[in-house]
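Trainee: Can you read through this structure? Questions will come right after.
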Amino acid sequence: MTTWFKRNWQVPFIGTLFLALLIITFTEKTESQNDAKTYNIDATHSAVIFRAKHLGVSYNYGRFNDFSGSITVDETDISKSKIELEVKTASVDTANGKRDQHLRSPDFFNAKQFPVITFKSTKVSAKAGQANMLEVIGDFELHGVKKSITVDVEITGKGQHPRAGALIGFETTFDIKRSDYGMNYELKNVSDDIRITVSIEAAHK
């Protein structure tokens, strides 16, 4: 009688223990997965700006009004984070309609043939000794030419909004040569060196 009781009592006990272990393992895995959060770019509170020198004298500024993307941040392992950005070239805006039309033409962005500028990160790492700074390597594609670039990215802030949810901000400024991307028109009058600033606010719900 005692042996029968022990044998039949152990079966449900072992089953319950196994189920508990499964729950714990699943919970730990889920919590680990939740360390990575994806934030969608809020273009209303973000900006993609560029700067070029005119006739070697003054800096002229422009922006793109249509862009989107996402940022995935893993707080426990920053190397698992990633950044993706897509900019519509036809949305170029320099506050001068005639100049904007020229910039959309084959002389510059050739917006019909190359409608987007893209950036996709391939490696994200923390900058040693610099709080809130990341080093991001990624593929930057402009005018149909793709090149790997490295940019320093500052995490400008984090917050919470009652409607938008969790917020995070990023900013980076970097330089390119437009001739590296096949944009060779009027290099004497419009600088080859172009400075790009990307300031992002993104939300996670």
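A note on labels: chains of the structure tokens are A, B, ... as shown, every chain counts residues from 1, and ligands are counted from 1 in their shown order.
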Would you pick out the contacts of region 181-186 of chain A at 6 Å or less, using only C-alpha atoms, so that residues sharing its chain but fewer than 3 positions from it are not included, and give the list as number ranges by chain?

Mentor: A: 107-108, 145, 178, 189-190

Trainee: Any idea what's packed within 10 Å of Thr197 (chain A), counting only C-alpha atoms, ignoring anything in its chain fewer than 5 positions away? Could you give it as a PyMOL selection string?

Mentor: chain A and resi 47-51+63+171-175

Trainee: Applying 7 Å and only C-alpha atoms, which residues near region 152-155 of chain A remain after dropping the ones on its own chain fewer than 6 positions away? List them as an NGL selection string.

Mentor: :A and (132-136 or 169-172)

Trainee: Just the residues within 7 Å of region 66-76 of chain A, please, counting only C-alpha atoms, with nothing from its chain fewer than 6 positions along; format it as a PDB file with C-alpha atoms, in the first residue's frame.

Mentor:
ATOM      1  CA  ASP A  35      14.935  43.787 -23.542  1.00  0.00           C
ATOM      2  CA  ALA A  36      14.918  44.642 -27.262  1.00  0.00           C
ATOM      3  CA  LYS A  37      12.392  47.374 -28.054  1.00  0.00           C
ATOM      4  CA  THR A  38      11.589  48.685 -31.504  1.00  0.00           C
ATOM      5  CA  TYR A  39      10.814  52.393 -31.822  1.00  0.00           C
ATOM      6  CA  ASN A  40       9.180  53.901 -34.919  1.00  0.00           C
ATOM      7  CA  ILE A  41      10.476  57.251 -36.104  1.00  0.00           C
ATOM      8  CA  ALA A  43       8.919  62.394 -38.524  1.00  0.00           C
ATOM      9  CA  LYS A  82      19.824  48.268 -35.186  1.00  0.00           C
ATOM     10  CA  ILE A  83      18.838  51.397 -37.081  1.00  0.00           C
ATOM     11  CA  GLU A  84      17.011  51.719 -40.395  1.00  0.00           C
ATOM     12  CA  LEU A  85      16.164  54.979 -42.170  1.00  0.00           C
ATOM     13  CA  GLU A  86      14.559  55.701 -45.548  1.00  0.00           C
ATOM     14  CA  VAL A  87      14.410  59.214 -47.023  1.00  0.00           C
ATOM     15  CA  LYS A  88      12.349  60.220 -50.066  1.00  0.00           C
ATOM     16  CA  SER A  91      10.838  65.658 -50.622  1.00  0.00           C
TER      17      SER A  91
END

Trainee: CA of Asn96 (chain A) and CA of Gly144 (chain A) are how many Å apart?

Mentor: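 Here the two named atoms are 25.4 Å from each other.
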
Trainee: Assign secondary structure with DSSP using the backbone only, and return the residues of region 71-169 of chain A in alpha helix (DSSP H) as a list in words.

Mentor: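 Matching residues, listed in order: Gly97, Lys98, Arg99, Asp100, Gln101, His102, Leu103 and Arg104 of chain A.
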